[in-house]
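Listing of protein_39.tsv; format and content: TSV, C-alpha atoms (C1' of nucleotides).
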```tsv
chain	number	residue	atom	x	y	z
A	1	MET	CA	17.56	147.86	5.34
A	2	ARG	CA	19.05	151.20	4.39
A	3	ILE	CA	16.49	153.91	3.98
A	4	ILE	CA	16.35	157.60	3.34
A	5	PHE	CA	13.49	159.45	5.01
A	6	MET	CA	11.84	162.51	3.55
A	7	GLY	CA	9.38	164.64	5.49
A	8	THR	CA	8.87	168.00	7.12
A	9	PRO	CA	6.22	168.67	9.81
A	10	ALA	CA	5.53	167.07	13.18
A	11	TYR	CA	3.38	164.44	11.51
A	12	ALA	CA	6.43	163.29	9.55
A	13	ALA	CA	8.68	163.49	12.58
A	14	GLU	CA	6.52	160.89	14.29
A	15	VAL	CA	7.10	158.51	11.38
A	16	LEU	CA	10.82	159.18	11.41
A	17	ASP	CA	10.93	158.50	15.11
A	18	ALA	CA	9.30	155.10	14.64
A	19	LEU	CA	11.66	154.17	11.82
A	20	ALA	CA	14.67	155.22	13.82
A	21	ARG	CA	13.61	152.92	16.65
A	22	LYS	CA	12.84	150.00	14.39
A	23	GLU	CA	15.32	147.17	14.38
A	24	ASP	CA	16.68	145.93	11.07
A	25	VAL	CA	16.26	149.42	9.64
A	26	THR	CA	18.88	152.08	9.26
A	27	VAL	CA	17.80	155.59	8.49
A	28	SER	CA	21.00	156.70	6.86
A	29	ALA	CA	19.88	160.18	5.84
A	30	VAL	CA	16.97	162.57	6.22
A	31	VAL	CA	15.75	164.96	3.58
A	32	THR	CA	13.59	167.89	4.55
A	33	ARG	CA	12.68	171.30	3.26
A	34	PRO	CA	15.10	174.18	3.74
A	35	ASP	CA	14.71	176.23	6.92
A	36	LYS	CA	12.54	179.20	6.26
A	37	PRO	CA	12.58	182.60	7.89
A	38	LYS	CA	9.79	182.45	10.40
A	39	GLY	CA	8.34	184.54	13.13
A	40	ARG	CA	9.59	187.94	14.17
A	41	GLY	CA	12.94	189.09	13.04
A	42	MET	CA	13.02	186.53	10.25
A	43	LYS	CA	14.53	183.93	12.49
A	44	LEU	CA	15.44	180.67	10.79
A	45	VAL	CA	13.48	177.91	12.46
A	46	PRO	CA	14.28	174.28	11.73
A	47	CYS	CA	11.27	172.06	11.01
A	48	PRO	CA	10.36	169.22	13.42
A	49	VAL	CA	11.88	166.56	11.21
A	50	LYS	CA	15.20	168.35	11.06
A	51	GLU	CA	15.26	168.83	14.80
A	52	LEU	CA	14.57	165.17	15.44
A	53	ALA	CA	17.09	164.02	12.85
A	54	LEU	CA	19.79	166.16	14.37
A	55	SER	CA	19.08	164.85	17.84
A	56	LEU	CA	19.30	161.32	16.47
A	57	GLY	CA	22.57	162.10	14.78
A	58	ILE	CA	21.26	161.43	11.28
A	59	PRO	CA	22.67	163.53	8.43
A	60	VAL	CA	20.16	166.07	7.12
A	61	TYR	CA	19.85	167.33	3.56
A	62	GLN	CA	17.70	170.30	2.64
A	63	PRO	CA	17.74	170.73	-1.11
A	64	LYS	CA	15.54	173.47	-2.44
A	65	THR	CA	14.42	171.12	-5.19
A	66	LEU	CA	15.15	167.58	-6.28
A	67	ARG	CA	14.55	168.30	-9.93
A	68	ASP	CA	17.96	169.58	-10.86
A	69	GLY	CA	19.67	166.24	-10.41
A	70	ALA	CA	22.05	167.44	-7.71
A	71	PHE	CA	20.42	165.02	-5.34
A	72	GLN	CA	21.85	162.12	-7.34
A	73	ALA	CA	25.07	162.49	-5.40
A	74	VAL	CA	23.22	161.92	-2.13
A	75	LEU	CA	21.57	158.80	-3.52
A	76	ASP	CA	24.92	157.47	-4.67
A	77	GLU	CA	26.45	158.14	-1.30
A	78	TYR	CA	23.83	156.34	0.78
A	79	GLU	CA	22.52	153.81	-1.74
A	80	PRO	CA	19.07	153.56	-0.13
A	81	GLU	CA	17.10	150.40	-0.68
A	82	LEU	CA	13.90	152.24	0.16
A	83	ILE	CA	12.80	155.84	0.47
A	84	VAL	CA	10.05	156.60	2.98
A	85	VAL	CA	8.15	159.82	2.46
A	86	ALA	CA	5.69	161.58	4.76
A	87	ALA	CA	4.45	165.10	4.07
A	88	TYR	CA	7.72	166.15	2.49
A	89	GLY	CA	6.44	168.96	0.33
A	90	ASN	CA	8.62	168.54	-2.71
A	91	ILE	CA	8.00	166.51	-5.85
A	92	LEU	CA	10.16	163.47	-6.39
A	93	PRO	CA	11.40	163.24	-9.99
A	94	SER	CA	11.71	159.87	-11.69
A	95	TYR	CA	15.43	159.45	-11.13
A	96	VAL	CA	14.72	159.50	-7.39
A	97	LEU	CA	11.63	157.31	-7.62
A	98	ASP	CA	13.53	154.69	-9.61
A	99	TYR	CA	16.69	154.60	-7.54
A	100	PRO	CA	15.80	152.45	-4.52
A	101	LYS	CA	15.43	148.71	-5.04
A	102	TYR	CA	12.10	148.75	-3.24
A	103	GLY	CA	10.96	152.12	-4.54
A	104	CYS	CA	9.53	155.05	-2.65
A	105	VAL	CA	6.65	154.63	-0.24
A	106	ASN	CA	4.45	157.37	1.17
A	107	ALA	CA	2.12	157.61	4.14
A	108	HIS	CA	-0.72	159.75	2.89
A	109	GLY	CA	-3.24	161.27	5.30
A	110	SER	CA	-6.45	160.08	3.69
A	111	LEU	CA	-8.13	156.99	2.32
A	112	LEU	CA	-7.02	157.19	-1.28
A	113	PRO	CA	-8.08	157.90	-3.92
A	114	LYS	CA	-10.04	160.41	-1.88
A	115	TYR	CA	-8.26	163.61	-0.91
A	116	ARG	CA	-5.10	163.35	-2.94
A	117	GLY	CA	-2.87	166.35	-2.50
A	118	ALA	CA	-1.51	168.77	0.04
A	119	SER	CA	-4.17	169.11	2.74
A	120	PRO	CA	-6.10	165.85	3.03
A	121	ILE	CA	-6.70	166.04	6.76
A	122	GLN	CA	-8.06	169.58	6.74
A	123	ARG	CA	-10.27	168.93	3.75
A	124	ALA	CA	-11.73	165.78	5.24
A	125	ILE	CA	-12.76	167.61	8.41
A	126	MET	CA	-13.98	170.61	6.48
A	127	ASP	CA	-16.21	168.36	4.42
A	128	GLY	CA	-17.66	166.82	7.56
A	129	GLU	CA	-16.32	163.34	6.91
A	130	SER	CA	-16.69	160.90	9.79
A	131	VAL	CA	-13.89	158.59	8.71
A	132	THR	CA	-10.50	159.15	7.19
A	133	GLY	CA	-7.23	157.33	7.58
A	134	ILE	CA	-3.78	156.60	6.31
A	135	THR	CA	-2.98	155.07	2.98
A	136	ALA	CA	0.40	153.47	2.53
A	137	MET	CA	1.29	153.72	-1.12
A	138	MET	CA	3.99	153.38	-3.71
A	139	MET	CA	4.92	156.77	-5.10
A	140	ASP	CA	4.78	157.41	-8.79
A	141	GLU	CA	5.09	160.57	-10.80
A	142	GLY	CA	1.50	161.64	-10.21
A	143	ILE	CA	0.23	163.42	-7.14
A	144	ASP	CA	-0.69	160.64	-4.72
A	145	THR	CA	-1.74	158.33	-7.53
A	146	GLY	CA	0.51	155.33	-6.88
A	147	ASP	CA	-0.47	151.79	-6.02
A	148	ILE	CA	-2.00	151.19	-2.63
A	149	LEU	CA	-0.07	149.02	-0.18
A	150	GLY	CA	-2.46	149.21	2.72
A	151	THR	CA	-5.22	151.34	4.20
A	152	TYR	CA	-5.66	152.17	7.85
A	153	PRO	CA	-8.97	153.88	8.67
A	154	CYS	CA	-9.41	156.32	11.52
A	155	ALA	CA	-12.66	157.75	12.81
A	156	ILE	CA	-13.05	161.50	12.93
A	157	GLU	CA	-14.61	162.16	16.31
A	158	GLU	CA	-16.96	165.04	16.96
A	159	ASP	CA	-14.39	166.76	19.14
A	160	ASP	CA	-11.45	166.16	16.84
A	161	ASP	CA	-9.87	169.10	15.16
A	162	CYS	CA	-7.02	169.15	12.71
A	163	GLY	CA	-4.49	169.09	15.52
A	164	THR	CA	-5.84	166.08	17.39
A	165	LEU	CA	-6.63	164.17	14.24
A	166	THR	CA	-3.20	164.79	12.78
A	167	GLY	CA	-1.73	163.42	15.98
A	168	LYS	CA	-3.78	160.25	15.69
A	169	LEU	CA	-2.97	159.83	12.03
A	170	ALA	CA	0.73	160.37	12.65
A	171	LYS	CA	0.79	157.39	14.99
A	172	ILE	CA	-1.09	155.30	12.45
A	173	ALA	CA	1.25	156.44	9.70
A	174	ALA	CA	4.26	155.47	11.77
A	175	ALA	CA	2.85	152.00	12.33
A	176	ALA	CA	1.85	151.71	8.69
A	177	MET	CA	5.33	152.46	7.43
A	178	CYS	CA	6.85	149.96	9.82
A	179	GLY	CA	4.32	147.44	8.56
A	180	VAL	CA	5.23	148.11	4.95
A	181	ILE	CA	8.88	147.52	5.68
A	182	ASP	CA	8.03	144.21	7.34
A	183	MET	CA	6.00	143.21	4.32
A	184	ILE	CA	8.83	144.10	1.98
A	185	ARG	CA	11.20	141.91	3.93
A	186	GLU	CA	8.71	139.07	4.03
A	187	GLY	CA	7.87	139.53	0.39
A	188	THR	CA	4.18	139.85	1.10
A	189	LEU	CA	3.71	143.32	-0.26
A	190	THR	CA	0.81	143.51	-2.69
A	191	PRO	CA	0.54	146.81	-4.55
A	192	THR	CA	-2.99	147.49	-5.77
A	193	PRO	CA	-3.75	150.17	-8.33
A	194	GLN	CA	-6.01	152.94	-7.08
A	195	PRO	CA	-9.55	152.97	-8.37
A	196	GLU	CA	-10.24	156.14	-10.30
A	197	GLU	CA	-13.72	156.24	-8.88
A	198	GLY	CA	-14.03	158.50	-5.87
A	199	ALA	CA	-10.80	160.31	-6.53
A	200	CYS	CA	-10.64	163.94	-5.51
A	201	TYR	CA	-8.02	166.49	-4.66
A	202	ALA	CA	-7.48	168.26	-1.38
A	203	ALA	CA	-6.14	171.65	-2.37
A	204	LYS	CA	-3.67	173.36	-0.10
A	205	ILE	CA	-5.32	175.53	2.54
A	206	GLY	CA	-5.06	179.17	1.58
A	207	ARG	CA	-6.06	182.52	2.94
A	208	GLU	CA	-9.48	182.34	1.35
A	209	ASP	CA	-10.10	179.05	3.15
A	210	ALA	CA	-9.34	180.62	6.51
A	211	ALA	CA	-11.86	183.46	6.15
A	212	LEU	CA	-14.91	182.27	8.00
A	213	ASP	CA	-18.33	183.16	6.64
A	214	PHE	CA	-21.30	182.73	8.96
A	215	ASP	CA	-23.58	182.83	5.94
A	216	ALA	CA	-23.46	179.06	5.88
A	217	PRO	CA	-25.09	176.21	7.78
A	218	ALA	CA	-23.92	176.01	11.39
A	219	ARG	CA	-22.54	172.55	10.83
A	220	SER	CA	-20.35	173.74	8.02
A	221	VAL	CA	-19.05	176.66	10.10
A	222	PHE	CA	-18.25	174.25	12.91
A	223	ASN	CA	-16.40	171.94	10.55
A	224	ARG	CA	-14.38	174.74	9.05
A	225	ILE	CA	-13.28	176.00	12.46
A	226	ARG	CA	-12.01	172.62	13.56
A	227	ALA	CA	-10.45	171.86	10.20
A	228	LEU	CA	-8.32	174.97	10.50
A	229	ASN	CA	-7.26	174.66	14.14
A	230	PRO	CA	-4.52	174.96	15.30
A	231	SER	CA	-3.17	176.54	12.14
A	232	PRO	CA	-3.85	178.79	10.39
A	233	CYS	CA	-7.21	179.09	12.22
A	234	ALA	CA	-10.51	180.38	10.97
A	235	VAL	CA	-10.62	184.14	11.11
A	236	VAL	CA	-13.43	186.70	11.20
A	237	LYS	CA	-13.53	190.48	11.38
A	238	LEU	CA	-14.69	192.23	14.54
A	239	PRO	CA	-16.86	195.35	14.39
A	240	ASN	CA	-13.76	197.50	14.96
A	241	GLY	CA	-12.04	195.90	12.00
A	242	ASP	CA	-9.59	193.77	13.95
A	243	PRO	CA	-9.20	190.16	12.96
A	244	LEU	CA	-10.21	187.46	15.41
A	245	LYS	CA	-9.00	183.92	15.06
A	246	ILE	CA	-11.29	181.18	16.21
A	247	THR	CA	-9.76	178.03	17.60
A	248	ALA	CA	-12.75	176.08	18.82
A	249	SER	CA	-16.52	175.96	18.69
A	250	LYS	CA	-19.39	173.80	19.73
A	251	ALA	CA	-22.92	173.26	18.54
A	252	ALA	CA	-25.36	175.79	19.92
A	253	SER	CA	-28.41	174.61	21.86
A	254	ALA	CA	-31.79	174.40	20.18
A	255	GLU	CA	-32.90	177.34	22.26
A	256	GLU	CA	-29.97	179.41	21.07
A	257	CYS	CA	-30.63	178.46	17.46
A	258	GLU	CA	-34.17	179.65	18.02
A	259	LYS	CA	-32.88	183.03	19.17
A	260	ALA	CA	-30.62	183.21	16.15
A	261	LEU	CA	-33.51	182.73	13.77
A	262	GLY	CA	-33.94	185.71	11.52
A	263	GLN	CA	-30.71	187.33	12.74
A	264	PHE	CA	-28.22	188.44	10.15
A	265	PRO	CA	-25.55	185.72	9.80
A	266	GLY	CA	-22.61	186.74	11.97
A	267	THR	CA	-24.70	188.42	14.64
A	268	VAL	CA	-23.65	187.63	18.20
A	269	VAL	CA	-26.82	186.46	19.93
A	270	LEU	CA	-25.20	185.65	23.27
A	271	ALA	CA	-21.89	186.49	24.92
A	272	GLU	CA	-21.58	184.26	27.98
A	273	GLY	CA	-18.75	185.33	30.25
A	274	ARG	CA	-18.85	182.69	32.95
A	275	GLY	CA	-16.39	179.86	33.10
A	276	GLU	CA	-15.02	178.94	29.70
A	277	GLY	CA	-17.68	181.10	28.14
A	278	ARG	CA	-19.56	180.89	24.91
A	279	ILE	CA	-20.02	183.35	22.10
A	280	VAL	CA	-23.09	182.23	20.21
A	281	VAL	CA	-23.19	183.47	16.65
A	282	ALA	CA	-26.07	183.23	14.20
A	283	CYS	CA	-25.39	181.34	11.00
A	284	ARG	CA	-27.46	181.14	7.83
A	285	GLU	CA	-28.98	178.04	9.39
A	286	GLY	CA	-28.75	177.59	13.13
A	287	ALA	CA	-25.96	178.95	15.30
A	288	VAL	CA	-22.55	177.99	16.64
A	289	ALA	CA	-21.02	178.66	20.03
A	290	LEU	CA	-17.45	179.84	19.75
A	291	THR	CA	-15.41	178.63	22.72
A	292	GLY	CA	-11.83	179.60	21.93
A	293	VAL	CA	-10.38	182.63	20.20
A	294	ILE	CA	-7.13	184.46	19.52
A	295	PRO	CA	-7.41	188.26	19.33
A	296	ALA	CA	-4.86	190.15	17.25
A	297	GLY	CA	-1.58	190.45	19.10
A	298	ARG	CA	-2.75	188.25	21.95
A	299	LYS	CA	-2.41	184.72	23.14
A	300	PRO	CA	-5.06	182.07	22.64
A	301	MET	CA	-7.83	182.43	25.20
A	302	SER	CA	-11.23	181.04	26.05
A	303	ALA	CA	-14.37	182.71	24.80
A	304	GLY	CA	-15.10	183.53	28.43
A	305	ASP	CA	-11.89	185.51	28.82
A	306	PHE	CA	-12.61	187.39	25.64
A	307	VAL	CA	-16.10	188.32	26.82
A	308	ARG	CA	-14.85	189.26	30.29
A	309	GLY	CA	-12.38	191.61	28.70
A	310	ARG	CA	-15.46	193.29	27.17
A	311	LYS	CA	-14.24	192.81	23.68
A	312	ILE	CA	-17.54	191.56	22.38
A	313	ALA	CA	-21.21	191.71	23.31
A	314	ALA	CA	-24.55	190.48	22.08
A	315	GLY	CA	-25.59	192.40	19.04
A	316	ASP	CA	-22.11	192.76	17.57
A	317	ILE	CA	-21.76	191.51	14.05
A	318	LEU	CA	-18.84	189.42	12.91
A	319	THR	CA	-18.10	189.84	9.24
A	320	VAL	CA	-16.00	188.07	6.67
A	321	MET	CA	-12.32	188.91	6.66
A	322	LYS	CA	-12.01	189.98	3.07
A	323	GLU	CA	-8.99	189.59	0.88
A	324	GLU	CA	-6.67	192.53	1.08
B	1	C	C1'	17.73	196.58	11.18
B	2	G	C1'	10.79	193.43	7.23
B	3	C	C1'	5.61	195.52	9.31
B	4	G	C1'	2.45	195.87	13.51
B	5	G	C1'	0.23	194.74	18.58
B	6	G	C1'	1.19	193.85	23.77
B	7	G	C1'	3.38	193.34	29.14
B	8	U	C1'	-1.64	196.98	35.11
B	9	A	C1'	-4.59	191.59	41.26
B	10	G	C1'	-5.01	184.31	39.90
B	11	A	C1'	-7.57	185.21	34.37
B	12	G	C1'	-9.26	188.69	30.60
B	13	C	C1'	-9.27	194.01	30.09
B	14	A	C1'	-9.97	199.66	31.02
B	15	G	C1'	-7.16	203.77	32.50
B	16	U	C1'	-1.94	206.37	29.01
B	17	C	C1'	-3.70	211.05	23.98
B	18	U	C1'	-5.46	215.76	27.97
B	19	G	C1'	0.27	213.47	34.44
B	20	G	C1'	-3.11	214.43	40.28
B	21	U	C1'	-7.20	208.55	45.36
B	22	A	C1'	-5.62	201.62	41.27
B	23	G	C1'	-10.84	200.71	38.16
B	24	C	C1'	-14.19	196.81	35.34
B	25	U	C1'	-15.96	191.74	34.22
B	26	C	C1'	-14.67	187.06	36.35
B	27	G	C1'	-12.20	183.89	39.83
B	28	U	C1'	-11.02	183.31	45.05
B	29	C	C1'	-12.22	183.72	50.55
B	30	G	C1'	-16.12	184.85	54.26
B	31	G	C1'	-21.29	185.80	55.22
B	32	G	C1'	-26.56	185.94	53.66
B	33	C	C1'	-30.95	184.24	50.75
B	34	U	C1'	-32.97	179.47	49.01
B	35	C	C1'	-35.77	172.81	49.26
B	36	A	C1'	-31.48	173.79	46.29
B	37	U	C1'	-27.85	176.10	42.91
B	38	A	C1'	-22.88	177.17	38.58
B	39	A	C1'	-28.54	181.78	40.27
B	40	C	C1'	-29.14	186.25	43.50
B	41	C	C1'	-27.50	189.81	47.68
B	42	C	C1'	-23.57	191.71	51.15
B	43	G	C1'	-18.52	192.00	52.56
B	44	G	C1'	-13.05	190.94	52.31
B	45	A	C1'	-8.24	189.63	50.55
B	46	G	C1'	-5.17	190.16	46.53
B	47	G	C1'	-1.18	195.15	42.32
B	48	U	C1'	6.82	197.69	43.76
B	49	C	C1'	1.16	199.28	36.89
B	50	A	C1'	7.43	193.97	32.68
B	51	U	C1'	12.57	196.30	33.51
B	52	G	C1'	15.98	200.60	35.25
B	53	U	C1'	17.96	202.95	43.41
B	54	G	C1'	16.89	206.00	34.48
B	55	G	C1'	15.25	211.15	32.86
B	56	U	C1'	11.54	215.34	33.15
B	57	U	C1'	8.08	216.99	37.14
B	58	C	C1'	5.66	219.57	43.24
B	59	A	C1'	3.52	214.91	41.40
B	60	A	C1'	4.46	209.47	36.46
B	61	A	C1'	0.58	203.35	35.09
B	62	U	C1'	0.32	208.00	32.17
B	63	C	C1'	5.48	212.06	29.01
B	64	C	C1'	10.98	210.79	27.39
B	65	C	C1'	14.88	207.08	27.27
B	66	U	C1'	17.12	201.74	28.45
B	67	U	C1'	16.77	196.53	28.61
B	68	C	C1'	14.07	191.99	28.68
B	69	C	C1'	9.88	188.98	27.30
B	70	C	C1'	5.24	187.65	24.59
B	71	C	C1'	2.05	187.68	20.10
B	72	G	C1'	0.06	188.52	14.98
B	73	C	C1'	1.25	189.51	9.86
B	74	A	C1'	4.45	188.81	6.07
B	75	A	C1'	7.45	184.35	4.16
```

Here is the file; what I need is its structure written in the form of structure tokens.
Amino acid sequence: MRIIFMGTPAYAAEVLDALARKEDVTVSAVVTRPDKPKGRGMKLVPCPVKELALSLGIPVYQPKTLRDGAFQAVLDEYEPELIVVAAYGNILPSYVLDYPKYGCVNAHGSLLPKYRGASPIQRAIMDGESVTGITAMMMDEGIDTGDILGTYPCAIEEDDDCGTLTGKLAKIAAAAMCGVIDMIREGTLTPTPQPEEGACYAAKIGREDAALDFDAPARSVFNRIRALNPSPCAVVKLPNGDPLKITASKAASAEECEKALGQFPGTVVLAEGRGEGRIVVACREGAVALTGVIPAGRKPMSAGDFVRGRKIAAGDILTVMKEE
RNA sequence: CGCGGGGUAGAGCAGUCUGGUAGCUCGUCGGGCUCAUAACCCGGAGGUCAUGUGGUUCAAAUCCCUUCCCCGCAA
């Protein structure tokens, strides 16, 4: 089967890798977003999907948009029977959706119709969900509204963050897409319309989502931190005004929550500098123990390292990083 | 030439403005205390202060210049 693959981040690269290995499938072309200036010096950095495609010797196309019809030429050249999409980032217009004999299928990172949209994994963690998954679906012109081909649940463990969960889901997505292709060949594919009930949208993560506010229940602070790790990371403002990214946290002990009672949310009640260290911060309800941070201009480090460097002490108050 | 931060002991930092004995919190090693300990006490090892047989100076981690590397923001 001739397919064109569309995707961008590491999650999508995992799917591409599985398709490339699959027998009876030929990934004849890969479509990904244009390289963007990244990092210092505006260096152009290729996305994971592009890197993988190049190493596999698959032609890569990086149209800025598909809407202008220029992509028709690529379709005509490769005549795909199926288009597989995973976290591509561009909207597919109808002329693309209608071209392949078997249509366009997508591996979405949630159990649809819940969390349609750009950031389903982050939103699920942020909301404290205990289960999410992959939905294999036919694409239509709506945002993640097409018929469901299969659902593959995945538990969100207590110690999962966006990074680990995305890794798990990527593997599931890869298997799901291979499964869909098998079903297409066997003719056992059964598209089922999505129920409207339970539908919700997972808006793209923005700057305002990254600003961490301790004036919230500890559980919610914990969920936000892990939803945002490893990127862009929850961020707070230190007493000196510098931003501090937070990569990991754990629940504080009952005793520590006791100490935090009555403290202004954001107050550091304990700065433990031994071993990995813990920075216990009072929340509106309870407290969280920060365990990993990234100071401005520094590398990621444990809370213990940060405390040992004397950058924080009990009594300091962490405030909300306000919009510029 | 997009903006900014940084490179000092195994880790995280201070010291640099106002040149003059290499410091702190940990870790590590040895000893002690203890029923015991990741707790406490005592002691030790470990650093060409990123780079340049650079410049200035009686004297440079510190001031000036070179090169390399790392990171954040912005996109």

Mind checking which residues fall within 6 Å of stretch 49-55 of chain A, counting all atoms listed in the file, ignoring those fewer than 2 positions away in the same chain, and posting them as a ChimeraX atom specification? /A:8,13,47,57-58

Restricted to C-alpha atoms, what would the selected residues look like written as a CSV table (one decimal), keeping the file's coordinate frame?
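Ended up saving to selection.csv:
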```csv
chain,number,residue,atom,x,y,z
A,8,THR,CA,8.9,168.0,7.1
A,13,ALA,CA,8.7,163.5,12.6
A,47,CYS,CA,11.3,172.1,11.0
A,57,GLY,CA,22.6,162.1,14.8
A,58,ILE,CA,21.3,161.4,11.3
```

Go through chain B and flag each residue having an atom no more than 7 Å from chain A; for those, report the closest pair of atoms plus their distance in Å to one decimal, using only C-alpha atoms (C1' of nucleotides), ordered by chain and rising number, as a Markdown table.
```
| residue | atom | partner | partner_atom | distance |
| --- | --- | --- | --- | --- |
| B:G5 | C1' | A:Gly297 | CA | 4.7 |
| B:G6 | C1' | A:Gly297 | CA | 6.4 |
| B:G12 | C1' | A:Asp305 | CA | 4.5 |
| B:C13 | C1' | A:Gly309 | CA | 4.2 |
| B:U25 | C1' | A:Arg308 | CA | 4.8 |
| B:C26 | C1' | A:Arg308 | CA | 6.4 |
| B:C71 | C1' | A:Gly297 | CA | 4.7 |
| B:G72 | C1' | A:Gly297 | CA | 4.8 |
| B:A75 | C1' | A:Pro37 | CA | 6.6 |
```

Counting all atoms listed in the file, write as a PyMOL selection string all protein and nucleic acid residues lying at most 7 Å from (2.0, 193.6, 33.4) in the file's frame. chain B and resi 7-8+49-50

Just give me the gap between atom CA of A:Gln263 and atom CA of A:Glu158 in Å, one decimal is fine. 26.5 Å

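You can rank A:Thr291, A:Thr166, A:Thr151, A:Thr145 by their closest distance to A:Ser119 using only C-alpha atoms, and at the top of that list sits A:Thr166.
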
Can you tell me which residues surround stretch 217-221 of chain A at a distance of at most 8 Å, considering only C-alpha atoms (C1' of nucleotides), apart from same-chain residues fewer than 4 positions away, and format the answer as a list of chain:residue names? A:Met126, A:Asp127, A:Gly128, A:Leu212, A:Asp213, A:Ile225, A:Ala251, A:Cys283, A:Arg284, A:Glu285, A:Gly286, A:Ala287, A:Val288

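Closest to A:Pro239 among A:Pro46, A:Pro9, A:Gly315, A:Gly163 is A:Gly315, based on only C-alpha atoms.
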
Using only C-alpha atoms, find the one residue out of A:Leu92, A:Met183, A:Ala203, A:Val236 that sits nearest to A:Lys114. A:Ala203

Write out as a VMD selection string which residues come within 6 Å of stretch 130-135 of chain A when counting only C-alpha atoms (C1' of nucleotides), dropping same-chain ones fewer than 2 positions away. chain A and resid 107 to 111 150 to 156

With a distance cut-off of 10 Å and only C-alpha atoms (C1' of nucleotides), select the neighbouring residues of B:G46, excluding the residue or stretch itself and same-chain residues fewer than 4 positions from it, and output the selection as a PDB file with C-alpha atoms (C1' of nucleotides), keeping the file's coordinate frame.
```
ATOM      1  C1'   A B   9      -4.590 191.590  41.260  1.00  0.00           C
ATOM      2  C1'   G B  10      -5.010 184.310  39.900  1.00  0.00           C
ATOM      3  C1'   U B  28     -11.020 183.310  45.050  1.00  0.00           C
TER       4        U B  28
END
```

Figure out the distance between atom CA of A:Val293 and atom CA of A:Gly89, please, to one decimal in Å. 29.4 Å

Using the file's own x, y and z axes, so that the box edges lie along x, y and z, what centre and edge lengths in Å (one decimal) does a box around every listed atom of stretch 16-19 of chain B get when 8 Å is added on each side? Give it as AutoDock Vina command-line options.
```
--center_x -2.6 --center_y 211.1 --center_z 29.2 --size_x 21.7 --size_y 25.4 --size_z 26.5
```

Using only C-alpha atoms (C1' of nucleotides), which residues sit within 9 Å of A:Cys200 once same-chain residues fewer than 3 positions away are excluded, as a count of residues only? 7

Please determine the residues with any atom at most 7 Å from (-18.1, 180.7, 17.9) (coordinates as given in the file, with only C-alpha atoms (C1' of nucleotides) counting) and report them as a PyMOL selection string. chain A and resi 249+279-281+288-291

Which of A:Ile3, A:Met137, A:Val180, A:Cys104 sits closest to A:Glu79 [using all atoms listed in the file]: A:Ile3

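For the pair atom CA of A:Ala313 and atom CA of A:Lys245, the interatomic distance is 16.7 Å.
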
Can we get stretch 3-11 of chain B of that structure written down with N, CA, C and O atoms (P, O5', C5', C4', C3', O3' and C1' of nucleotides), as a tab-separated table (two decimals), in the first residue's frame?
```tsv
chain	number	residue	atom	x	y	z
B	3	C	P	21.57	41.08	19.38
B	3	C	O5'	20.68	40.97	20.68
B	3	C	C5'	19.79	42.02	21.06
B	3	C	C4'	19.01	41.62	22.29
B	3	C	C3'	19.86	41.12	23.45
B	3	C	O3'	20.42	42.18	24.21
B	3	C	C1'	18.08	39.63	23.09
B	4	G	P	21.94	41.99	24.79
B	4	G	O5'	21.74	40.94	25.97
B	4	G	C5'	21.03	41.33	27.14
B	4	G	C4'	20.60	40.13	27.92
B	4	G	C3'	21.69	39.31	28.59
B	4	G	O3'	22.19	39.90	29.77
B	4	G	C1'	20.12	37.86	27.60
B	5	G	P	23.70	39.50	30.27
B	5	G	O5'	23.48	38.05	30.89
B	5	G	C5'	22.68	37.89	32.06
B	5	G	C4'	22.60	36.43	32.43
B	5	G	C3'	23.94	35.76	32.68
B	5	G	O3'	24.44	36.00	33.98
B	5	G	C1'	22.64	34.38	31.28
B	6	G	P	26.06	36.10	34.16
B	6	G	O5'	26.56	34.61	33.96
B	6	G	C5'	26.08	33.58	34.80
B	6	G	C4'	26.43	32.23	34.24
B	6	G	C3'	27.92	31.89	34.14
B	6	G	O3'	28.44	31.52	35.41
B	6	G	C1'	26.78	31.12	32.21
B	7	G	P	30.06	31.38	35.56
B	7	G	O5'	30.36	30.07	34.75
B	7	G	C5'	30.53	28.81	35.43
B	7	G	C4'	31.08	27.84	34.40
B	7	G	C3'	32.60	27.72	34.42
B	7	G	O3'	33.01	26.40	34.79
B	7	G	C1'	31.76	28.12	32.20
B	8	U	P	32.92	25.79	36.19
B	8	U	O5'	33.96	26.69	36.99
B	8	U	C5'	35.34	26.50	36.78
B	8	U	C4'	36.09	26.83	38.04
B	8	U	C3'	35.65	26.05	39.26
B	8	U	O3'	36.24	24.76	39.31
B	8	U	C1'	35.77	28.34	39.81
B	9	A	P	35.43	23.53	39.79
B	9	A	O5'	36.37	22.71	40.79
B	9	A	C5'	37.27	21.70	40.31
B	9	A	C4'	37.37	20.56	41.29
B	9	A	C3'	36.07	19.84	41.56
B	9	A	O3'	36.27	18.42	41.61
B	9	A	C1'	37.00	20.60	43.58
B	10	G	P	36.58	17.69	40.27
B	10	G	O5'	35.39	16.63	40.38
B	10	G	C5'	35.03	15.79	39.34
B	10	G	C4'	33.68	15.23	39.71
B	10	G	C3'	32.61	16.29	39.90
B	10	G	O3'	31.99	16.63	38.68
B	10	G	C1'	32.64	14.87	41.78
B	11	A	P	31.43	18.15	38.46
B	11	A	O5'	30.13	18.14	39.37
B	11	A	C5'	28.99	17.34	39.02
B	11	A	C4'	27.82	17.70	39.90
B	11	A	C3'	27.53	19.19	39.98
B	11	A	O3'	26.78	19.63	38.85
B	11	A	C1'	27.52	18.29	42.15
```
